[in-house]
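Asks: This is the structure I have questions about; it appears just below.
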Amino acid sequence: MSAPASDLLSPWNLILGEGLSLQHEPTPYGADRDRYINTWRSWALLVRQLPYATFNLPAADVLTWRIAAGRAGLVYDREPDPQREGHERVVAARQDTYGALFDLEAICGAYRSALPGHIAQESITALMEHRDIPVSAYATRELLLQHAPTAVQGLTLGHPVGMTLIQLRRDTATPRNAPAAVPQCCHSDPHQRIAGLEGAAAQALVEFTQTYYSSEFLPQGRPSGLEDLVERPYLIGTTYWRYLAMQGLRQPVISGELHELICCLLRGPDCRGDELAPERMWAEHQINRAYLASIAPDERR
């Protein structure tokens, strides 16, 4: 299949915009990888390499960026970052419509050739409904990109059409008991702390870590209560990874509320770390599952 190309659709938007190339390498900001990624997103918008981006930078850097954004005709919204003093969150996009920026007819043709009819039609309908909508419609707090159809998300984030097609094929082939995608934290407050949990939420978290505590670990290390998790917050990350790895083995899917709580805690100060970021753990799990699905059954044995 030949997928339509565009200056705004590039694998580098995924590799650099989401830090996939920065496992351990140094950046122009030393070990501050987040600042490198956020700076790259802000710059890529200005030079027309991204149609849309969100980023978090020091307020002084955002001020400089806003001057350039005005010249480039970008639409943006910004707010103080409640978790990082002196920083601002920005969501920005181009004013052009999807129909003006992308060859939607050719992209829809690629969907028809690569996907089953009913799945292709859902994506095609969503894309054509966006033909006259500006990308900047998602540069607000009212219309959230994560609620948009996958095909629209792919174009908005500047992902190549082929990559979005692979994601759609993978999603439609996902077992019924596979975990839902990593939920986002939509609150403006700081991420939750383990010690601040109580009641049903605390009990559900403890039971989750007990259920997915690896049998390879020492039995006496199994968490007995919330106090254990406060002292050993890494247990949330290790048990969440085991939960992801065990999907497809007749394991029940956890509730949306518990999944959201776990991901919020993994992003918070108690558990924070690149290797425990829920997005990174989810991506690694998806890669591992795709690899296992690609090899022959006799090779797996």
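We name chains A, B, ... following the order of the structure tokens; residues begin at 1 in each chain, and ligands are numbered from 1 as shown.
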For the structure I just gave you, how does DSSP split region 29-244 of chain A - specifically, which residues are strand (DSSP E)? Reply as JSON, numbers by chain.
Replies: {"A": [52, 53, 54, 55, 56, 57, 58, 75, 76, 77, 78, 79, 80, 87, 88, 89, 90, 91, 92, 93]}
Asks: Report as JSON, numbers by chain all protein, DNA and RNA residues lying within 6 Å of Tyr213 (chain A), evaluated on only C-alpha atoms, omitting residues in the same chain fewer than 3 positions from it.
Replies: {"A": [209, 210, 239]}
Asks: When you count only C-alpha atoms, which of these residues is closest to Ala44 (chain A): A:Tyr243, A:Trp12, A:Trp282, A:Tyr234?
Replies: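 Comparing A:Tyr243, A:Trp12, A:Trp282, A:Tyr234 against Ala44 (chain A), the winner is A:Trp12.
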Asks: I'd like the interatomic distance between CA of Pro183 (chain A) and CA of Glu260 (chain A), to a tenth of an Å.
Replies: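 CA of Glu260 (chain A) lies 5.5 Å from CA of Pro183 (chain A).
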Asks: Set the distance at 12 Å and use only C-alpha atoms: which residues neighbour region 107-119 of chain A once local chain neighbours fewer than 2 positions away are removed? I'd like the list as a short mmCIF file (atom, residue, chain, number, x, y, z; two decimals) with all heavy atoms, in the first residue's frame.
Replies:
data_model
loop_
_atom_site.label_atom_id
_atom_site.label_comp_id
_atom_site.auth_asym_id
_atom_site.auth_seq_id
_atom_site.Cartn_x
_atom_site.Cartn_y
_atom_site.Cartn_z
N MET A 1 0.84 -1.19 0.00
CA MET A 1 0.00 0.00 0.00
C MET A 1 0.87 1.24 0.00
O MET A 1 1.86 1.31 0.72
CB MET A 1 -0.89 0.02 1.25
CG MET A 1 -1.87 1.17 1.27
SD MET A 1 -2.30 1.63 2.98
CE MET A 1 -0.79 2.42 3.50
N SER A 2 0.52 2.20 -0.84
CA SER A 2 1.24 3.48 -0.84
C SER A 2 0.36 4.50 -0.13
O SER A 2 -0.74 4.81 -0.58
CB SER A 2 1.53 3.93 -2.28
OG SER A 2 0.33 4.07 -3.01
N ALA A 3 0.84 4.98 1.00
CA ALA A 3 0.08 5.95 1.78
C ALA A 3 0.46 7.37 1.36
O ALA A 3 1.61 7.64 1.06
CB ALA A 3 0.36 5.75 3.26
N PRO A 4 -0.51 8.29 1.31
CA PRO A 4 -0.22 9.67 0.93
C PRO A 4 0.81 10.30 1.86
O PRO A 4 0.80 10.07 3.06
CB PRO A 4 -1.58 10.36 1.08
CG PRO A 4 -2.58 9.26 1.00
CD PRO A 4 -1.93 8.06 1.61
N ALA A 5 1.71 11.07 1.28
CA ALA A 5 2.77 11.73 2.06
C ALA A 5 2.43 13.21 2.22
O ALA A 5 1.64 13.78 1.47
CB ALA A 5 4.11 11.57 1.36
N SER A 6 3.04 13.83 3.20
CA SER A 6 2.85 15.25 3.47
C SER A 6 4.00 15.72 4.33
O SER A 6 4.55 14.95 5.12
CB SER A 6 1.51 15.50 4.17
OG SER A 6 1.45 16.80 4.72
N LEU A 9 3.26 15.08 7.90
CA LEU A 9 3.12 13.70 8.37
C LEU A 9 4.48 13.02 8.28
O LEU A 9 4.98 12.75 7.19
CB LEU A 9 2.09 12.94 7.52
CG LEU A 9 0.68 13.54 7.46
CD1 LEU A 9 -0.20 12.73 6.51
CD2 LEU A 9 0.06 13.60 8.84
N TYR A 98 -8.61 20.72 7.91
CA TYR A 98 -8.03 19.42 7.56
C TYR A 98 -8.03 19.22 6.05
O TYR A 98 -7.08 18.65 5.50
CB TYR A 98 -8.82 18.30 8.25
CG TYR A 98 -8.54 18.18 9.72
CD1 TYR A 98 -9.24 18.95 10.65
CD2 TYR A 98 -7.56 17.31 10.20
CE1 TYR A 98 -8.98 18.85 12.01
CE2 TYR A 98 -7.29 17.20 11.56
CZ TYR A 98 -8.00 17.98 12.45
OH TYR A 98 -7.73 17.88 13.81
N GLY A 99 -9.06 19.70 5.38
CA GLY A 99 -9.12 19.56 3.93
C GLY A 99 -8.05 20.36 3.22
O GLY A 99 -7.56 19.96 2.15
N LEU A 101 -5.02 21.15 4.60
CA LEU A 101 -3.69 20.67 4.97
C LEU A 101 -3.37 19.29 4.39
O LEU A 101 -2.21 18.98 4.13
CB LEU A 101 -3.56 20.60 6.49
CG LEU A 101 -3.38 21.93 7.24
CD1 LEU A 101 -3.29 21.68 8.73
CD2 LEU A 101 -2.15 22.68 6.75
N PHE A 102 -4.41 18.45 4.22
CA PHE A 102 -4.17 17.07 3.84
C PHE A 102 -5.00 16.66 2.62
O PHE A 102 -6.10 17.17 2.41
CB PHE A 102 -4.52 16.14 5.01
CG PHE A 102 -3.82 16.48 6.30
CD1 PHE A 102 -4.52 17.07 7.34
CD2 PHE A 102 -2.47 16.22 6.47
CE1 PHE A 102 -3.90 17.39 8.54
CE2 PHE A 102 -1.83 16.54 7.66
CZ PHE A 102 -2.54 17.12 8.70
N ASP A 103 -4.47 15.75 1.85
CA ASP A 103 -5.18 15.19 0.69
C ASP A 103 -6.14 14.11 1.21
O ASP A 103 -5.82 12.92 1.21
CB ASP A 103 -4.18 14.60 -0.30
CG ASP A 103 -4.83 14.13 -1.59
OD1 ASP A 103 -6.08 14.05 -1.63
OD2 ASP A 103 -4.10 13.80 -2.54
N LEU A 104 -7.30 14.54 1.67
CA LEU A 104 -8.22 13.61 2.32
C LEU A 104 -8.72 12.53 1.37
O LEU A 104 -8.96 11.39 1.79
CB LEU A 104 -9.39 14.38 2.93
CG LEU A 104 -9.06 15.30 4.11
CD1 LEU A 104 -10.34 15.92 4.67
CD2 LEU A 104 -8.32 14.55 5.21
N GLU A 105 -8.90 12.86 0.09
CA GLU A 105 -9.37 11.85 -0.87
C GLU A 105 -8.37 10.70 -0.97
O GLU A 105 -8.74 9.52 -0.94
CB GLU A 105 -9.59 12.49 -2.24
CG GLU A 105 -10.71 13.52 -2.29
CD GLU A 105 -12.08 12.89 -2.08
OE1 GLU A 105 -12.18 11.65 -2.21
OE2 GLU A 105 -13.03 13.64 -1.78
N GLN A 121 -14.85 2.52 6.72
CA GLN A 121 -15.90 3.53 6.55
C GLN A 121 -16.01 4.43 7.77
O GLN A 121 -16.26 5.63 7.64
CB GLN A 121 -17.25 2.85 6.27
CG GLN A 121 -18.33 3.81 5.82
CD GLN A 121 -17.91 4.63 4.60
OE1 GLN A 121 -17.44 4.08 3.60
NE2 GLN A 121 -18.06 5.95 4.69
N GLU A 122 -15.83 3.87 8.96
CA GLU A 122 -15.89 4.69 10.17
C GLU A 122 -14.81 5.77 10.14
O GLU A 122 -15.08 6.94 10.47
CB GLU A 122 -15.70 3.81 11.41
CG GLU A 122 -16.87 2.89 11.71
CD GLU A 122 -16.62 2.02 12.92
OE1 GLU A 122 -15.54 2.18 13.55
OE2 GLU A 122 -17.47 1.17 13.24
N SER A 123 -13.61 5.39 9.74
CA SER A 123 -12.52 6.36 9.68
C SER A 123 -12.74 7.37 8.56
O SER A 123 -12.48 8.57 8.73
CB SER A 123 -11.18 5.64 9.48
OG SER A 123 -10.89 4.80 10.57
N ILE A 124 -13.20 6.90 7.41
CA ILE A 124 -13.44 7.79 6.27
C ILE A 124 -14.52 8.82 6.61
O ILE A 124 -14.37 10.02 6.32
CB ILE A 124 -13.85 6.97 5.03
CG1 ILE A 124 -12.65 6.16 4.53
CG2 ILE A 124 -14.40 7.87 3.93
CD1 ILE A 124 -12.99 5.14 3.47
N THR A 125 -15.58 8.37 7.25
CA THR A 125 -16.64 9.29 7.65
C THR A 125 -16.10 10.36 8.59
O THR A 125 -16.40 11.56 8.45
CB THR A 125 -17.79 8.52 8.34
OG1 THR A 125 -18.33 7.57 7.41
CG2 THR A 125 -18.89 9.47 8.79
N ALA A 126 -15.29 9.94 9.57
CA ALA A 126 -14.73 10.91 10.53
C ALA A 126 -13.84 11.92 9.82
O ALA A 126 -13.89 13.12 10.12
CB ALA A 126 -13.95 10.16 11.61
N LEU A 127 -13.02 11.45 8.88
CA LEU A 127 -12.12 12.36 8.17
C LEU A 127 -12.90 13.36 7.32
O LEU A 127 -12.58 14.56 7.30
CB LEU A 127 -11.15 11.55 7.30
CG LEU A 127 -10.09 10.74 8.05
CD1 LEU A 127 -9.32 9.84 7.07
CD2 LEU A 127 -9.14 11.65 8.80
N MET A 128 -13.92 12.88 6.60
CA MET A 128 -14.68 13.78 5.73
C MET A 128 -15.49 14.77 6.55
O MET A 128 -15.72 15.90 6.11
CB MET A 128 -15.58 12.96 4.81
CG MET A 128 -14.81 12.03 3.86
SD MET A 128 -13.43 12.85 3.00
CE MET A 128 -14.31 13.98 1.91
N ARG A 131 -13.36 17.76 7.14
CA ARG A 131 -12.79 18.44 5.97
C ARG A 131 -12.75 19.96 6.16
O ARG A 131 -11.74 20.60 5.86
CB ARG A 131 -13.61 18.10 4.72
CG ARG A 131 -13.11 18.82 3.46
CD ARG A 131 -14.08 18.66 2.32
NE ARG A 131 -14.11 17.31 1.81
CZ ARG A 131 -13.25 16.83 0.91
NH1 ARG A 131 -12.27 17.61 0.44
NH2 ARG A 131 -13.36 15.60 0.48
N PRO A 149 -11.81 10.58 16.82
CA PRO A 149 -11.54 9.26 16.22
C PRO A 149 -10.05 9.09 15.95
O PRO A 149 -9.32 10.06 15.73
CB PRO A 149 -12.35 9.29 14.92
CG PRO A 149 -13.42 10.32 15.15
CD PRO A 149 -12.80 11.35 16.03
N THR A 150 -9.60 7.84 15.94
CA THR A 150 -8.18 7.54 15.77
C THR A 150 -7.62 8.14 14.48
O THR A 150 -6.51 8.68 14.46
CB THR A 150 -7.95 6.02 15.78
OG1 THR A 150 -8.40 5.49 17.04
CG2 THR A 150 -6.48 5.68 15.59
N ALA A 151 -8.37 8.06 13.39
CA ALA A 151 -7.89 8.58 12.11
C ALA A 151 -7.64 10.08 12.20
O ALA A 151 -6.66 10.60 11.63
CB ALA A 151 -8.89 8.27 11.00
N VAL A 152 -8.51 10.79 12.90
CA VAL A 152 -8.35 12.24 13.06
C VAL A 152 -7.19 12.54 14.00
O VAL A 152 -6.40 13.46 13.76
CB VAL A 152 -9.66 12.85 13.59
CG1 VAL A 152 -9.47 14.35 13.89
CG2 VAL A 152 -10.79 12.65 12.59
N GLY A 154 -4.50 10.79 14.37
CA GLY A 154 -3.26 10.56 13.65
C GLY A 154 -2.85 11.74 12.81
O GLY A 154 -1.69 12.17 12.83
N LEU A 155 -3.80 12.30 12.04
CA LEU A 155 -3.48 13.47 11.21
C LEU A 155 -3.13 14.66 12.08
O LEU A 155 -2.19 15.41 11.78
CB LEU A 155 -4.67 13.82 10.31
CG LEU A 155 -4.97 12.89 9.14
CD1 LEU A 155 -6.10 13.45 8.30
CD2 LEU A 155 -3.74 12.67 8.27
N PRO A 160 2.39 9.55 10.24
CA PRO A 160 2.17 9.04 8.89
C PRO A 160 0.90 8.19 8.82
O PRO A 160 0.55 7.49 9.79
CB PRO A 160 3.42 8.20 8.61
CG PRO A 160 4.45 8.76 9.53
CD PRO A 160 3.72 9.19 10.76
N VAL A 161 0.22 8.24 7.67
CA VAL A 161 -1.03 7.49 7.52
C VAL A 161 -0.80 6.00 7.78
O VAL A 161 -1.62 5.33 8.41
CB VAL A 161 -1.62 7.72 6.11
CG1 VAL A 161 -2.84 6.85 5.89
CG2 VAL A 161 -1.98 9.20 5.93
N GLY A 162 0.34 5.47 7.30
CA GLY A 162 0.62 4.06 7.49
C GLY A 162 0.68 3.67 8.96
O GLY A 162 0.23 2.59 9.35
N MET A 163 1.22 4.55 9.80
CA MET A 163 1.31 4.26 11.24
C MET A 163 -0.08 4.23 11.86
O MET A 163 -0.37 3.40 12.72
CB MET A 163 2.19 5.29 11.93
CG MET A 163 3.67 5.12 11.66
SD MET A 163 4.66 6.27 12.65
CE MET A 163 6.31 5.66 12.28
N THR A 164 -0.94 5.16 11.45
CA THR A 164 -2.29 5.19 11.99
C THR A 164 -3.07 3.96 11.55
O THR A 164 -3.85 3.39 12.31
CB THR A 164 -3.01 6.47 11.55
OG1 THR A 164 -2.24 7.61 11.93
CG2 THR A 164 -4.39 6.58 12.19
N LEU A 165 -2.85 3.52 10.32
CA LEU A 165 -3.50 2.31 9.83
C LEU A 165 -3.08 1.09 10.64
O LEU A 165 -3.90 0.24 10.99
CB LEU A 165 -3.17 2.10 8.35
CG LEU A 165 -3.93 2.99 7.36
CD1 LEU A 165 -3.30 2.91 5.98
CD2 LEU A 165 -5.39 2.59 7.30
N ILE A 166 -1.79 1.02 10.95
CA ILE A 166 -1.31 -0.10 11.78
C ILE A 166 -1.98 -0.07 13.14
O ILE A 166 -2.38 -1.11 13.68
CB ILE A 166 0.23 -0.02 11.92
CG1 ILE A 166 0.89 -0.33 10.58
CG2 ILE A 166 0.73 -0.97 13.00
CD1 ILE A 166 2.38 -0.10 10.58
N GLN A 167 -2.11 1.12 13.71
CA GLN A 167 -2.76 1.24 15.02
C GLN A 167 -4.21 0.78 14.94
O GLN A 167 -4.70 0.06 15.83
CB GLN A 167 -2.69 2.68 15.51
CG GLN A 167 -3.36 2.88 16.87
CD GLN A 167 -3.28 4.31 17.35
OE1 GLN A 167 -2.53 5.12 16.82
NE2 GLN A 167 -4.07 4.64 18.36
N LEU A 168 -4.92 1.17 13.88
CA LEU A 168 -6.32 0.77 13.73
C LEU A 168 -6.44 -0.74 13.56
O LEU A 168 -7.32 -1.37 14.14
CB LEU A 168 -6.95 1.49 12.53
CG LEU A 168 -7.38 2.93 12.78
CD1 LEU A 168 -7.64 3.64 11.46
CD2 LEU A 168 -8.62 2.97 13.66
N ARG A 169 -5.55 -1.34 12.76
CA ARG A 169 -5.57 -2.78 12.58
C ARG A 169 -5.29 -3.50 13.89
O ARG A 169 -5.93 -4.50 14.23
CB ARG A 169 -4.55 -3.21 11.52
CG ARG A 169 -4.90 -2.82 10.09
CD ARG A 169 -6.18 -3.49 9.63
NE ARG A 169 -6.05 -4.92 9.55
CZ ARG A 169 -5.79 -5.58 8.42
NH1 ARG A 169 -5.64 -4.93 7.28
NH2 ARG A 169 -5.69 -6.90 8.42
N ARG A 170 -4.35 -2.96 14.65
CA ARG A 170 -4.01 -3.56 15.94
C ARG A 170 -5.18 -3.44 16.91
O ARG A 170 -5.53 -4.38 17.61
CB ARG A 170 -2.78 -2.87 16.52
CG ARG A 170 -2.31 -3.45 17.86
CD ARG A 170 -1.38 -2.48 18.54
NE ARG A 170 -2.10 -1.28 18.91
CZ ARG A 170 -1.54 -0.10 19.08
NH1 ARG A 170 -0.25 0.05 18.88
NH2 ARG A 170 -2.26 0.95 19.42
N ASP A 171 -5.82 -2.26 16.94
CA ASP A 171 -6.92 -2.05 17.88
C ASP A 171 -8.10 -2.96 17.56
O ASP A 171 -8.76 -3.47 18.48
CB ASP A 171 -7.37 -0.59 17.84
CG ASP A 171 -6.34 0.36 18.42
OD1 ASP A 171 -5.40 -0.14 19.08
OD2 ASP A 171 -6.46 1.57 18.21
N THR A 172 -8.38 -3.16 16.28
CA THR A 172 -9.51 -4.02 15.92
C THR A 172 -9.21 -5.48 16.18
O THR A 172 -10.12 -6.30 16.28
CB THR A 172 -9.89 -3.84 14.44
OG1 THR A 172 -8.73 -4.09 13.62
CG2 THR A 172 -10.36 -2.42 14.18
N ALA A 173 -7.91 -5.83 16.29
CA ALA A 173 -7.53 -7.21 16.57
C ALA A 173 -7.29 -7.46 18.04
O ALA A 173 -6.95 -8.56 18.45
CB ALA A 173 -6.26 -7.57 15.79
#
Asks: Which residue out of A:Tyr76, A:Trp241, A:Tyr212, A:Trp43 has the minimum interatomic distance to Ala137 (chain A) when only C-alpha atoms are used?
Replies: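 For Ala137 (chain A), the nearest of the given residues is A:Tyr76.
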Asks: Between CA of Asn38 (chain A) and CA of Val75 (chain A), what is the distance in Å, rounded to a tenth?
Replies: 17.3 Å
Asks: What does the distance from CA of Val47 (chain A) to CA of Ala93 (chain A) come to in Å, to one decimal?
Replies: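 These atoms are spaced 12.0 Å apart.
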Asks: Taking into account only C-alpha atoms, which residue in the set A:Thr39, A:Thr211, A:Gln286, A:Gln49 is nearest to Gly158 (chain A)?
Replies: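 Nearest candidate to Gly158 (chain A) out of A:Thr39, A:Thr211, A:Gln286, A:Gln49: A:Gln49.
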Asks: DSSP on the backbone: what in region 33-205 of chain A comes out alpha helix (DSSP H), as an NGL selection string?
Replies: :A and (33-46 or 59-72 or 98-101 or 104-114 or 117-129 or 150-156 or 161-172 or 199-205)
Asks: Return the single residue from A:Pro80, A:Pro190, A:Gly237, A:Gly73 that is closest to Pro269 (chain A), with distances computed using only C-alpha atoms.
Replies: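 Using only C-alpha atoms, the shortest distance to Pro269 (chain A) belongs to A:Pro190.
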